[in-house]
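File shown: coords.tsv. Contents: TSV, C-alpha atoms.
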```tsv
chain	number	residue	atom	x	y	z
A	1	MET	CA	61.28	-17.90	-57.17
A	2	THR	CA	62.86	-15.94	-60.01
A	3	ARG	CA	66.64	-15.94	-59.90
A	4	TYR	CA	69.42	-13.92	-61.43
A	5	SER	CA	70.86	-15.19	-64.67
A	6	GLU	CA	72.86	-18.41	-64.46
A	7	THR	CA	76.34	-16.87	-64.50
A	8	ILE	CA	75.49	-14.40	-61.74
A	9	GLU	CA	73.99	-17.18	-59.63
A	10	ARG	CA	77.13	-19.27	-60.09
A	11	VAL	CA	79.47	-16.49	-58.95
A	12	MET	CA	77.21	-15.84	-55.96
A	13	GLU	CA	77.15	-19.52	-55.06
A	14	LEU	CA	80.92	-19.95	-55.30
A	15	LEU	CA	81.69	-16.75	-53.39
A	16	GLY	CA	79.15	-17.82	-50.75
A	17	LYS	CA	81.17	-20.98	-50.12
A	18	LEU	CA	84.19	-18.98	-48.94
A	19	PRO	CA	84.65	-18.77	-45.17
A	20	GLY	CA	82.90	-15.83	-43.54
A	21	ILE	CA	81.04	-14.88	-46.72
A	22	GLY	CA	77.29	-15.32	-46.42
A	23	ALA	CA	74.66	-15.19	-49.12
A	24	ARG	CA	74.10	-11.42	-48.78
A	25	THR	CA	77.80	-10.60	-48.91
A	26	ALA	CA	78.25	-12.91	-51.89
A	27	GLU	CA	75.44	-11.07	-53.67
A	28	ARG	CA	76.99	-7.67	-52.90
A	29	LEU	CA	80.43	-8.81	-54.06
A	30	THR	CA	78.99	-10.29	-57.25
A	31	PHE	CA	77.26	-7.06	-58.20
A	32	HIS	CA	80.37	-5.12	-57.28
A	33	LEU	CA	82.37	-7.29	-59.69
A	34	LEU	CA	79.68	-6.95	-62.34
A	35	LYS	CA	79.85	-3.15	-62.14
A	36	SER	CA	83.58	-2.86	-61.60
A	37	ASP	CA	86.27	-2.23	-64.13
A	38	ASP	CA	86.69	-5.19	-66.50
A	39	ALA	CA	90.46	-5.30	-66.06
A	40	GLU	CA	90.20	-5.53	-62.29
A	41	ALA	CA	87.67	-8.34	-62.20
A	42	LEU	CA	89.51	-10.32	-64.89
A	43	ALA	CA	92.77	-9.79	-62.99
A	44	LEU	CA	91.10	-11.37	-59.95
A	45	ALA	CA	89.91	-14.32	-62.05
A	46	ASP	CA	93.42	-14.83	-63.44
A	47	ALA	CA	95.08	-14.42	-60.05
A	48	VAL	CA	92.84	-17.06	-58.47
A	49	ARG	CA	93.63	-19.37	-61.40
A	50	ASP	CA	97.37	-18.73	-60.96
A	51	LEU	CA	97.02	-19.45	-57.26
A	52	LYS	CA	95.89	-22.98	-58.06
A	53	THR	CA	98.15	-23.62	-61.03
A	54	LYS	CA	101.42	-21.82	-60.26
A	55	ILE	CA	101.75	-22.06	-56.51
A	56	ARG	CA	103.06	-25.25	-54.92
A	57	PRO	CA	104.73	-26.15	-51.65
A	58	CYS	CA	108.50	-25.63	-51.48
A	59	SER	CA	110.09	-29.06	-51.93
A	60	ILE	CA	112.15	-28.50	-48.77
A	61	CYS	CA	110.04	-26.56	-46.26
A	62	PHE	CA	106.49	-26.58	-47.76
A	63	ASN	CA	106.20	-22.79	-47.76
A	64	PRO	CA	104.01	-21.97	-50.82
A	65	THR	CA	106.11	-20.74	-53.73
A	66	GLU	CA	106.11	-20.35	-57.52
A	67	ARG	CA	109.43	-22.20	-57.70
A	68	GLU	CA	110.72	-25.66	-56.84
A	69	VAL	CA	112.47	-24.24	-53.76
A	70	CYS	CA	111.21	-21.14	-51.91
A	71	ASN	CA	113.19	-17.90	-51.57
A	72	LEU	CA	114.09	-18.62	-47.96
A	73	CYS	CA	115.42	-22.13	-48.59
A	74	ALA	CA	117.29	-20.88	-51.68
A	75	ASP	CA	118.88	-17.99	-49.76
A	76	GLU	CA	122.60	-18.70	-49.20
A	77	ARG	CA	122.70	-16.37	-46.19
A	78	ARG	CA	120.15	-18.34	-44.16
A	79	ASP	CA	121.48	-20.70	-41.52
A	80	LYS	CA	120.44	-24.17	-42.74
A	81	SER	CA	121.44	-25.80	-39.44
A	82	THR	CA	118.45	-24.32	-37.58
A	83	ILE	CA	114.91	-25.26	-38.56
A	84	CYS	CA	111.92	-23.40	-37.13
A	85	VAL	CA	108.75	-25.52	-37.32
A	86	VAL	CA	105.52	-23.54	-37.82
A	87	GLU	CA	101.89	-24.53	-38.36
A	88	GLN	CA	101.04	-22.19	-41.25
A	89	PRO	CA	102.73	-19.93	-43.81
A	90	LYS	CA	101.20	-16.99	-41.89
A	91	ASP	CA	103.21	-17.95	-38.80
A	92	LEU	CA	106.38	-18.04	-40.88
A	93	LEU	CA	105.66	-14.54	-42.12
A	94	ALA	CA	104.98	-13.25	-38.61
A	95	LEU	CA	108.29	-14.63	-37.35
A	96	GLU	CA	110.15	-13.30	-40.40
A	97	SER	CA	108.73	-9.84	-39.83
A	98	THR	CA	110.66	-9.62	-36.54
A	99	GLY	CA	113.97	-10.01	-38.37
A	100	ALA	CA	115.15	-11.89	-35.26
A	101	TYR	CA	115.58	-15.28	-36.93
A	102	ARG	CA	118.15	-16.19	-39.58
A	103	GLY	CA	117.57	-19.94	-39.89
A	104	VAL	CA	115.17	-21.79	-42.18
A	105	TYR	CA	111.62	-23.04	-41.67
A	106	HIS	CA	109.42	-26.08	-41.95
A	107	VAL	CA	105.70	-25.54	-42.49
A	108	LEU	CA	103.52	-28.33	-41.03
A	109	MET	CA	100.40	-27.20	-42.90
A	110	GLY	CA	98.20	-27.67	-39.85
A	111	VAL	CA	98.17	-29.27	-36.41
A	112	ILE	CA	97.34	-32.76	-35.25
A	113	ASP	CA	93.63	-32.63	-34.50
A	114	PRO	CA	91.94	-36.05	-34.37
A	115	LEU	CA	88.53	-34.46	-33.75
A	116	HIS	CA	88.75	-32.90	-37.20
A	117	ASP	CA	90.38	-35.96	-38.76
A	118	VAL	CA	93.85	-34.42	-38.97
A	119	GLU	CA	96.36	-37.15	-38.16
A	120	PRO	CA	100.19	-36.82	-38.08
A	121	GLU	CA	100.31	-38.37	-41.58
A	122	ASP	CA	98.24	-35.46	-42.93
A	123	LEU	CA	100.98	-33.01	-41.95
A	124	THR	CA	104.55	-32.69	-43.23
A	125	ILE	CA	106.08	-34.24	-40.09
A	126	ALA	CA	107.63	-37.25	-41.89
A	127	ARG	CA	109.42	-34.88	-44.26
A	128	LEU	CA	110.74	-32.87	-41.28
A	129	ILE	CA	112.18	-36.03	-39.74
A	130	GLU	CA	113.86	-36.85	-43.07
A	131	ARG	CA	115.38	-33.35	-43.19
A	132	VAL	CA	116.85	-33.84	-39.72
A	133	GLN	CA	118.10	-37.34	-40.48
A	134	ALA	CA	119.78	-36.09	-43.65
A	135	GLY	CA	122.21	-34.29	-41.32
A	136	GLY	CA	123.56	-30.77	-40.99
A	137	VAL	CA	120.84	-29.74	-38.50
A	138	ASN	CA	121.83	-28.57	-35.00
A	139	GLU	CA	118.53	-27.25	-33.68
A	140	VAL	CA	114.84	-27.64	-34.32
A	141	ILE	CA	112.69	-24.85	-32.83
A	142	LEU	CA	109.08	-25.90	-32.36
A	143	ALA	CA	107.03	-22.75	-33.04
A	144	THR	CA	103.50	-24.13	-32.98
A	145	ASN	CA	100.77	-22.02	-31.41
A	146	PRO	CA	100.50	-22.08	-27.59
A	147	THR	CA	97.20	-24.00	-27.77
A	148	VAL	CA	96.17	-27.54	-26.87
A	149	ALA	CA	96.48	-28.69	-30.49
A	150	GLY	CA	99.74	-26.78	-31.04
A	151	ASP	CA	101.32	-28.14	-27.86
A	152	GLY	CA	100.16	-31.67	-28.72
A	153	THR	CA	101.69	-31.43	-32.16
A	154	SER	CA	104.99	-30.15	-30.77
A	155	LEU	CA	105.05	-32.98	-28.23
A	156	TYR	CA	104.44	-35.55	-30.96
A	157	ILE	CA	107.22	-34.09	-33.11
A	158	ALA	CA	109.68	-33.92	-30.20
A	159	GLU	CA	109.04	-37.59	-29.43
A	160	HIS	CA	109.67	-38.64	-33.04
A	161	LEU	CA	112.60	-36.35	-33.71
A	162	GLU	CA	115.28	-37.69	-31.41
A	163	HIS	CA	118.54	-37.54	-33.32
A	164	PRO	CA	122.10	-37.33	-31.99
A	165	GLY	CA	123.45	-33.77	-31.91
A	166	VAL	CA	120.07	-32.16	-32.63
A	167	LYS	CA	118.71	-29.89	-29.94
A	168	VAL	CA	114.89	-29.56	-29.87
A	169	THR	CA	113.61	-26.29	-28.41
A	170	ARG	CA	110.32	-24.45	-28.30
A	171	LEU	CA	109.35	-20.76	-28.19
A	172	ALA	CA	109.36	-19.08	-24.77
A	173	ARG	CA	106.10	-18.77	-22.83
A	174	GLY	CA	105.19	-15.99	-20.47
A	175	LEU	CA	103.65	-12.56	-20.25
A	176	PRO	CA	103.06	-10.93	-23.64
A	177	ALA	CA	105.13	-7.76	-24.01
A	178	GLY	CA	102.88	-4.75	-23.46
A	179	GLY	CA	100.28	-6.85	-21.61
A	180	GLN	CA	99.07	-6.41	-18.05
A	181	ILE	CA	99.33	-9.00	-15.28
A	182	GLU	CA	95.89	-7.91	-14.10
A	183	TYR	CA	94.32	-9.15	-17.33
A	184	ALA	CA	96.51	-12.20	-17.97
A	185	ASN	CA	94.70	-15.53	-17.57
A	186	LYS	CA	95.76	-18.47	-15.40
A	187	SER	CA	97.63	-20.27	-18.18
A	188	ILE	CA	99.69	-17.21	-19.02
A	189	LEU	CA	100.52	-16.55	-15.36
A	190	SER	CA	101.41	-20.21	-14.75
A	191	ASP	CA	103.79	-20.09	-17.71
A	192	ALA	CA	105.25	-16.79	-16.50
A	193	ILE	CA	105.95	-18.22	-13.05
A	194	ASN	CA	107.22	-21.60	-14.21
A	195	GLU	CA	109.57	-20.12	-16.81
A	196	ARG	CA	110.85	-17.23	-14.66
A	197	ARG	CA	114.52	-16.40	-15.08
A	198	GLY	CA	117.29	-14.50	-13.35
A	199	VAL	CA	117.52	-10.76	-13.87
B	1	MET	CA	109.27	-6.89	-44.64
B	2	THR	CA	109.23	-10.37	-46.12
B	3	ARG	CA	106.13	-11.05	-48.17
B	4	TYR	CA	104.32	-14.08	-49.48
B	5	SER	CA	105.17	-15.18	-52.98
B	6	GLU	CA	104.07	-12.86	-55.77
B	7	THR	CA	100.96	-14.77	-56.83
B	8	ILE	CA	99.66	-15.03	-53.28
B	9	GLU	CA	100.26	-11.32	-52.73
B	10	ARG	CA	98.37	-10.50	-55.93
B	11	VAL	CA	95.29	-12.54	-54.95
B	12	MET	CA	95.35	-10.92	-51.50
B	13	GLU	CA	95.63	-7.45	-53.00
B	14	LEU	CA	92.78	-7.98	-55.48
B	15	LEU	CA	90.48	-9.59	-52.91
B	16	GLY	CA	91.30	-6.76	-50.51
B	17	LYS	CA	89.93	-4.26	-53.02
B	18	LEU	CA	86.44	-5.78	-52.83
B	19	PRO	CA	83.95	-3.88	-50.66
B	20	GLY	CA	83.90	-4.98	-47.03
B	21	ILE	CA	86.99	-7.19	-47.41
B	22	GLY	CA	89.95	-5.94	-45.42
B	23	ALA	CA	93.55	-7.07	-45.53
B	24	ARG	CA	93.08	-9.79	-42.87
B	25	THR	CA	89.99	-11.23	-44.52
B	26	ALA	CA	91.72	-11.14	-47.91
B	27	GLU	CA	94.61	-13.11	-46.41
B	28	ARG	CA	92.28	-15.68	-44.87
B	29	LEU	CA	90.34	-16.09	-48.12
B	30	THR	CA	93.55	-16.44	-50.13
B	31	PHE	CA	94.85	-19.23	-47.92
B	32	HIS	CA	91.44	-20.86	-47.97
B	33	LEU	CA	91.55	-20.87	-51.77
B	34	LEU	CA	95.13	-22.13	-51.72
B	35	LYS	CA	94.15	-25.08	-49.54
B	36	SER	CA	90.76	-25.72	-51.10
B	37	ASP	CA	89.85	-28.17	-53.78
B	38	ASP	CA	91.39	-27.24	-57.14
B	39	ALA	CA	88.10	-27.65	-59.01
B	40	GLU	CA	86.27	-25.26	-56.69
B	41	ALA	CA	88.84	-22.46	-56.84
B	42	LEU	CA	89.19	-22.76	-60.62
B	43	ALA	CA	85.40	-22.75	-60.95
B	44	LEU	CA	85.39	-19.45	-59.08
B	45	ALA	CA	88.08	-18.03	-61.38
B	46	ASP	CA	86.09	-19.10	-64.44
B	47	ALA	CA	82.80	-17.82	-63.04
B	48	VAL	CA	84.26	-14.38	-62.32
B	49	ARG	CA	85.68	-14.34	-65.87
B	50	ASP	CA	82.27	-15.33	-67.31
B	51	LEU	CA	80.65	-12.59	-65.25
B	52	LYS	CA	82.69	-9.99	-67.11
B	53	THR	CA	82.62	-11.60	-70.54
B	54	LYS	CA	79.19	-13.27	-70.85
B	55	ILE	CA	76.90	-11.00	-68.85
B	56	ARG	CA	75.57	-7.83	-70.41
B	57	PRO	CA	72.57	-5.59	-69.81
B	58	CYS	CA	69.32	-6.65	-71.48
B	59	SER	CA	68.93	-4.46	-74.57
B	60	ILE	CA	65.41	-3.53	-73.45
B	61	CYS	CA	65.37	-3.24	-69.65
B	62	PHE	CA	69.10	-3.38	-68.63
B	63	ASN	CA	68.61	-6.36	-66.33
B	64	PRO	CA	71.92	-8.33	-66.54
B	65	THR	CA	71.58	-11.38	-68.78
B	66	GLU	CA	73.58	-13.81	-70.88
B	67	ARG	CA	71.33	-13.09	-73.88
B	68	GLU	CA	70.46	-10.08	-76.01
B	69	VAL	CA	67.08	-9.82	-74.25
B	70	CYS	CA	66.52	-11.03	-70.67
B	71	ASN	CA	64.10	-13.80	-69.70
B	72	LEU	CA	61.52	-11.37	-68.39
B	73	CYS	CA	61.45	-9.17	-71.50
B	74	ALA	CA	61.39	-12.27	-73.70
B	75	ASP	CA	58.50	-13.83	-71.75
B	76	GLU	CA	55.29	-13.67	-73.86
B	77	ARG	CA	53.12	-13.84	-70.76
B	78	ARG	CA	54.46	-10.63	-69.23
B	79	ASP	CA	52.37	-7.50	-69.68
B	80	LYS	CA	54.54	-5.19	-71.81
B	81	SER	CA	52.22	-2.22	-71.26
B	82	THR	CA	53.35	-1.78	-67.64
B	83	ILE	CA	56.96	-0.88	-66.83
B	84	CYS	CA	58.24	-0.98	-63.26
B	85	VAL	CA	61.33	1.23	-62.84
B	86	VAL	CA	63.85	-0.02	-60.26
B	87	GLU	CA	67.30	1.16	-59.16
B	88	GLN	CA	69.12	-2.17	-59.14
B	89	PRO	CA	68.72	-5.76	-60.36
B	90	LYS	CA	68.36	-6.73	-56.67
B	91	ASP	CA	65.22	-4.62	-56.42
B	92	LEU	CA	63.79	-6.33	-59.48
B	93	LEU	CA	64.39	-9.69	-57.86
B	94	ALA	CA	62.78	-8.61	-54.60
B	95	LEU	CA	59.65	-7.44	-56.43
B	96	GLU	CA	59.58	-10.58	-58.57
B	97	SER	CA	59.76	-12.76	-55.48
B	98	THR	CA	56.33	-11.47	-54.39
B	99	GLY	CA	54.71	-12.83	-57.55
B	100	ALA	CA	52.40	-9.78	-57.36
B	101	TYR	CA	53.62	-8.12	-60.54
B	102	ARG	CA	53.14	-9.36	-64.09
B	103	GLY	CA	54.51	-6.43	-66.09
B	104	VAL	CA	58.07	-5.77	-67.23
B	105	TYR	CA	60.91	-3.78	-65.68
B	106	HIS	CA	63.43	-1.07	-66.38
B	107	VAL	CA	66.66	-1.09	-64.37
B	108	LEU	CA	68.16	2.38	-63.85
B	109	MET	CA	71.51	1.02	-62.64
B	110	GLY	CA	71.72	3.55	-59.83
B	111	VAL	CA	70.15	6.78	-58.61
B	112	ILE	CA	70.86	10.39	-59.41
B	113	ASP	CA	73.45	11.43	-56.85
B	114	PRO	CA	75.43	14.57	-57.78
B	115	LEU	CA	77.55	14.31	-54.63
B	116	HIS	CA	78.95	11.04	-56.00
B	117	ASP	CA	79.05	12.30	-59.57
B	118	VAL	CA	76.06	10.29	-60.73
B	119	GLU	CA	74.08	12.45	-63.15
B	120	PRO	CA	70.88	11.49	-65.02
B	121	GLU	CA	72.99	10.71	-68.11
B	122	ASP	CA	74.84	8.03	-66.18
B	123	LEU	CA	71.61	6.10	-65.67
B	124	THR	CA	69.33	4.42	-68.23
B	125	ILE	CA	66.69	7.15	-68.02
B	126	ALA	CA	67.00	8.25	-71.67
B	127	ARG	CA	66.38	4.67	-72.79
B	128	LEU	CA	63.29	4.48	-70.53
B	129	ILE	CA	61.88	7.61	-72.16
B	130	GLU	CA	62.50	6.06	-75.60
B	131	ARG	CA	60.66	2.89	-74.53
B	132	VAL	CA	57.65	4.96	-73.48
B	133	GLN	CA	57.72	7.11	-76.62
B	134	ALA	CA	57.85	4.00	-78.79
B	135	GLY	CA	54.24	3.41	-77.62
B	136	GLY	CA	52.30	0.49	-76.16
B	137	VAL	CA	52.95	1.57	-72.59
B	138	ASN	CA	50.02	2.41	-70.29
B	139	GLU	CA	51.70	2.75	-66.95
B	140	VAL	CA	55.15	3.42	-65.53
B	141	ILE	CA	55.54	2.45	-61.86
B	142	LEU	CA	58.42	4.27	-60.18
B	143	ALA	CA	59.84	1.77	-57.70
B	144	THR	CA	62.95	3.57	-56.51
B	145	ASN	CA	63.90	3.30	-52.84
B	146	PRO	CA	62.04	5.57	-50.39
B	147	THR	CA	65.19	7.65	-49.77
B	148	VAL	CA	66.22	11.18	-50.68
B	149	ALA	CA	68.18	9.99	-53.72
B	150	GLY	CA	65.46	7.53	-54.75
B	151	ASP	CA	62.70	10.13	-54.44
B	152	GLY	CA	64.78	12.68	-56.33
B	153	THR	CA	65.39	10.24	-59.15
B	154	SER	CA	61.69	9.39	-59.37
B	155	LEU	CA	60.78	13.06	-59.45
B	156	TYR	CA	63.28	13.68	-62.26
B	157	ILE	CA	61.91	10.76	-64.28
B	158	ALA	CA	58.28	11.81	-63.72
B	159	GLU	CA	59.08	15.29	-65.00
B	160	HIS	CA	60.75	13.98	-68.14
B	161	LEU	CA	58.30	11.20	-68.87
B	162	GLU	CA	55.12	13.06	-69.70
B	163	HIS	CA	53.48	11.21	-72.56
B	164	PRO	CA	49.80	11.13	-73.57
B	165	GLY	CA	47.98	8.06	-72.25
B	166	VAL	CA	50.81	7.00	-69.93
B	167	LYS	CA	50.03	6.96	-66.21
B	168	VAL	CA	53.02	7.48	-63.92
B	169	THR	CA	52.63	5.95	-60.46
B	170	ARG	CA	54.89	5.16	-57.53
B	171	LEU	CA	54.91	2.47	-54.86
B	172	ALA	CA	52.71	3.06	-51.79
B	173	ARG	CA	54.27	4.52	-48.64
B	174	GLY	CA	53.17	3.81	-45.11
B	175	LEU	CA	53.64	1.45	-42.20
B	176	PRO	CA	55.67	-1.65	-43.03
B	177	ALA	CA	53.59	-4.81	-42.59
B	178	GLY	CA	54.56	-6.47	-39.32
B	179	GLY	CA	56.04	-3.25	-37.97
B	180	GLN	CA	55.00	-1.36	-34.85
B	181	ILE	CA	53.77	2.24	-34.75
B	182	GLU	CA	55.72	2.69	-31.52
B	183	TYR	CA	59.00	2.16	-33.35
B	184	ALA	CA	58.16	3.83	-36.67
B	185	ASN	CA	60.04	7.08	-37.33
B	186	LYS	CA	58.54	10.45	-38.23
B	187	SER	CA	58.89	9.97	-42.00
B	188	ILE	CA	57.09	6.63	-41.89
B	189	LEU	CA	54.28	8.01	-39.74
B	190	SER	CA	53.92	11.12	-41.91
B	191	ASP	CA	53.60	8.92	-44.98
B	192	ALA	CA	51.13	6.67	-43.18
B	193	ILE	CA	48.91	9.62	-42.23
B	194	ASN	CA	49.19	11.45	-45.56
B	195	GLU	CA	48.42	8.37	-47.63
B	196	ARG	CA	45.65	6.98	-45.39
B	197	ARG	CA	42.77	5.40	-47.23
B	198	GLY	CA	39.18	4.29	-46.63
B	199	VAL	CA	38.55	0.95	-44.97
```
Turn this file's structure into C-alpha cells for me.
Amino acid sequence: MTRYSETIERVMELLGKLPGIGARTAERLTFHLLKSDDAEALALADAVRDLKTKIRPCSICFNPTEREVCNLCADERRDKSTICVVEQPKDLLALESTGAYRGVYHVLMGVIDPLHDVEPEDLTIARLIERVQAGGVNEVILATNPTVAGDGTSLYIAEHLEHPGVKVTRLARGLPAGGQIEYANKSILSDAINERRGV
Amino acid sequence: MTRYSETIERVMELLGKLPGIGARTAERLTFHLLKSDDAEALALADAVRDLKTKIRPCSICFNPTEREVCNLCADERRDKSTICVVEQPKDLLALESTGAYRGVYHVLMGVIDPLHDVEPEDLTIARLIERVQAGGVNEVILATNPTVAGDGTSLYIAEHLEHPGVKVTRLARGLPAGGQIEYANKSILSDAINERRGV
C-alpha cells in the first residue's frame, strides 16, 4: 500500500505510540501539525526536547524540576519536619492546590505492583528512609491512593520507616465531601464507620 | 495555584492546543513523555521538527513530500494525462490504496468554505488550471467529498476549468458497497436512483 512520505509516517508512528492515541488520531494530529503555524509546531518539538534534557527529579523529593532542588524543597517557609509521601507529581499538585499543607513532599514515582514488575527498589523508598534517618523529621504522612496498590505501598513504607520520634500517619478515609451515602460503595462506608469521630 | 515546573507546563500547554487533546490528556501525555525512554521522546521532538522543516508541497500536485516533486508525480509509469483532484492528502492515500487508479493527483488542500474564510484563492485551484492549460491532460476527475462544501468546490473548479479536449468528470454517487437500502438516507437514495445504470 502507498504510504505518506517518510517524515510524515514517522511522526504518525511516534504519536501513535502515546497512550490513548490511536492510528487515526495520530494521523489527524500529524496533519494538524503539518498545516499549523511553523512557530507553534517547532515550539512543541523544542518543548518535548527540553522535557527530556532539562527536567530531572529534585535531589531531595524527586518532584520533577529544572533545578538541582525543586521550588518546594528550596522554600525556606516550608516545614521540613513534615514529609508527605505521594505516588506521583500530580498528587503533589492536587494536595498543594488545597493550600492546607505547609510541609514538604516525597514523590515515590509509582506504587509497588509486582504484577507489573514494580518492586520497592524501583521506587524512591530507600531515599525516603535516608531522609528520615538523617534527622529533623517529626512526621511522615503517607498520601498514597486509597487503592490496593496504594495501601500496600503505604504498609510497606510504614514497616520500613520505624524511627524514634517520627510519627507515621496516613490521610483520613471516609465519605467524600459532597458525596451521597446512597451511592457510596461498601469500602467507603466501611471506612466511614470505622473511622467515625466525636462531633 | 502551584504549578508544575516551567518546562512541564509548556509541554502541557502546547499539547493541549492540538485538536481533540484537552488539558487532562495533555497532562497525561506530558508525564508519559517525562517517564518514557529518552530516545523515543527525543525522536518525537526531532520528527515534529522535520515535519515543519523537511516536508513541503510537491511543486506539481501539492502532495506533501520531502522532495521537489513527490513520488507519484515523479513515477514514469503513472498516466500524466489524467488528474484526480482531491481535498486532502488523506483522500489521495485512500484512493491509492484501492490500486484502481493509475493517473496523477492534485491536492486542493481544503474546500471552498466562505463561512470559515476559505476562498478559492486559498486553495491550489489556480495551479490546477495552469496544469491543465499547459496541455497533455485528457481528463480531470473531481474527487472532492460528497458534501455541500465538496460539491460546491467541484462545481467552482468545473466552471473555471473549461479547456478544449479536457473531459471533466466526478466520482460516482450511489449506494455504498456493503450498505443497506433500509439505512441509507434520502441523499444517498436520490443519488442511487438518479444515477442508475443498465445491468
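Neighbours of A:Thr7 closer than or equal to 9 Å, with all atoms listed in the file counted and sequence neighbours fewer than 4 positions away skipped, come out as Val11 and Met12 of chain A; Ala47, Val48, Asp50, Leu51, Lys54, Ile55, Thr65 and Glu66 of chain B.
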Within 10 Å of stretch 136-145 of chain A, counting all atoms listed in the file, which residues show up once you throw out same-chain ones fewer than 4 positions away? Write them as a VMD selection string, please.
chain A and resid 79 to 88 91 to 92 95 103 to 108 110 to 111 128 131 to 132 149 to 155 157 to 158 161 163 to 172
Please determine the contact residues of chain B with respect to chain A at a cut-off of 8 Å, counting only C-alpha atoms, and supply them as an MDAnalysis selection string.
chainID B and resid 1:8 10:11 14:15 18:19 29 32:34 38 40:52 54:55 64:66 93 96:97
Expected file contents, prior selection, C-alpha atoms, as a PDB file, in the frame of the given file:
```
ATOM      1  CA  MET B   1     109.270  -6.890 -44.640  1.00  0.00           C
ATOM      2  CA  THR B   2     109.230 -10.370 -46.120  1.00  0.00           C
ATOM      3  CA  ARG B   3     106.130 -11.050 -48.170  1.00  0.00           C
ATOM      4  CA  TYR B   4     104.320 -14.080 -49.480  1.00  0.00           C
ATOM      5  CA  SER B   5     105.170 -15.180 -52.980  1.00  0.00           C
ATOM      6  CA  GLU B   6     104.070 -12.860 -55.770  1.00  0.00           C
ATOM      7  CA  THR B   7     100.960 -14.770 -56.830  1.00  0.00           C
ATOM      8  CA  ILE B   8      99.660 -15.030 -53.280  1.00  0.00           C
ATOM      9  CA  ARG B  10      98.370 -10.500 -55.930  1.00  0.00           C
ATOM     10  CA  VAL B  11      95.290 -12.540 -54.950  1.00  0.00           C
ATOM     11  CA  LEU B  14      92.780  -7.980 -55.480  1.00  0.00           C
ATOM     12  CA  LEU B  15      90.480  -9.590 -52.910  1.00  0.00           C
ATOM     13  CA  LEU B  18      86.440  -5.780 -52.830  1.00  0.00           C
ATOM     14  CA  PRO B  19      83.950  -3.880 -50.660  1.00  0.00           C
ATOM     15  CA  LEU B  29      90.340 -16.090 -48.120  1.00  0.00           C
ATOM     16  CA  HIS B  32      91.440 -20.860 -47.970  1.00  0.00           C
ATOM     17  CA  LEU B  33      91.550 -20.870 -51.770  1.00  0.00           C
ATOM     18  CA  LEU B  34      95.130 -22.130 -51.720  1.00  0.00           C
ATOM     19  CA  ASP B  38      91.390 -27.240 -57.140  1.00  0.00           C
ATOM     20  CA  GLU B  40      86.270 -25.260 -56.690  1.00  0.00           C
ATOM     21  CA  ALA B  41      88.840 -22.460 -56.840  1.00  0.00           C
ATOM     22  CA  LEU B  42      89.190 -22.760 -60.620  1.00  0.00           C
ATOM     23  CA  ALA B  43      85.400 -22.750 -60.950  1.00  0.00           C
ATOM     24  CA  LEU B  44      85.390 -19.450 -59.080  1.00  0.00           C
ATOM     25  CA  ALA B  45      88.080 -18.030 -61.380  1.00  0.00           C
ATOM     26  CA  ASP B  46      86.090 -19.100 -64.440  1.00  0.00           C
ATOM     27  CA  ALA B  47      82.800 -17.820 -63.040  1.00  0.00           C
ATOM     28  CA  VAL B  48      84.260 -14.380 -62.320  1.00  0.00           C
ATOM     29  CA  ARG B  49      85.680 -14.340 -65.870  1.00  0.00           C
ATOM     30  CA  ASP B  50      82.270 -15.330 -67.310  1.00  0.00           C
ATOM     31  CA  LEU B  51      80.650 -12.590 -65.250  1.00  0.00           C
ATOM     32  CA  LYS B  52      82.690  -9.990 -67.110  1.00  0.00           C
ATOM     33  CA  LYS B  54      79.190 -13.270 -70.850  1.00  0.00           C
ATOM     34  CA  ILE B  55      76.900 -11.000 -68.850  1.00  0.00           C
ATOM     35  CA  PRO B  64      71.920  -8.330 -66.540  1.00  0.00           C
ATOM     36  CA  THR B  65      71.580 -11.380 -68.780  1.00  0.00           C
ATOM     37  CA  GLU B  66      73.580 -13.810 -70.880  1.00  0.00           C
ATOM     38  CA  LEU B  93      64.390  -9.690 -57.860  1.00  0.00           C
ATOM     39  CA  GLU B  96      59.580 -10.580 -58.570  1.00  0.00           C
ATOM     40  CA  SER B  97      59.760 -12.760 -55.480  1.00  0.00           C
TER      41      SER B  97
END
```
Report as a list in words all protein, DNA and RNA residues lying within 6 Å of stretch 191-199 of chain B, evaluated on all atoms listed in the file, omitting residues in the same chain fewer than 6 positions from it.
Arg173, Gly174 and Leu175 of chain B
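If you look at atom CA of A:Arg127 and atom CA of A:Asp113, they are 18.7 Å away from each other.
You will find atom CA of A:Pro120 at 19.3 Å from atom CA of A:Cys58.
If you look at atom CA of A:Tyr101 and atom CA of A:Glu121, they are 28.1 Å away from each other.
Remark: for B:Ser59, the closest of the candidate residues B:Pro114, B:Ala23, B:Thr124, B:Asp75 is B:Thr124 (distances computed over all atoms listed in the file).
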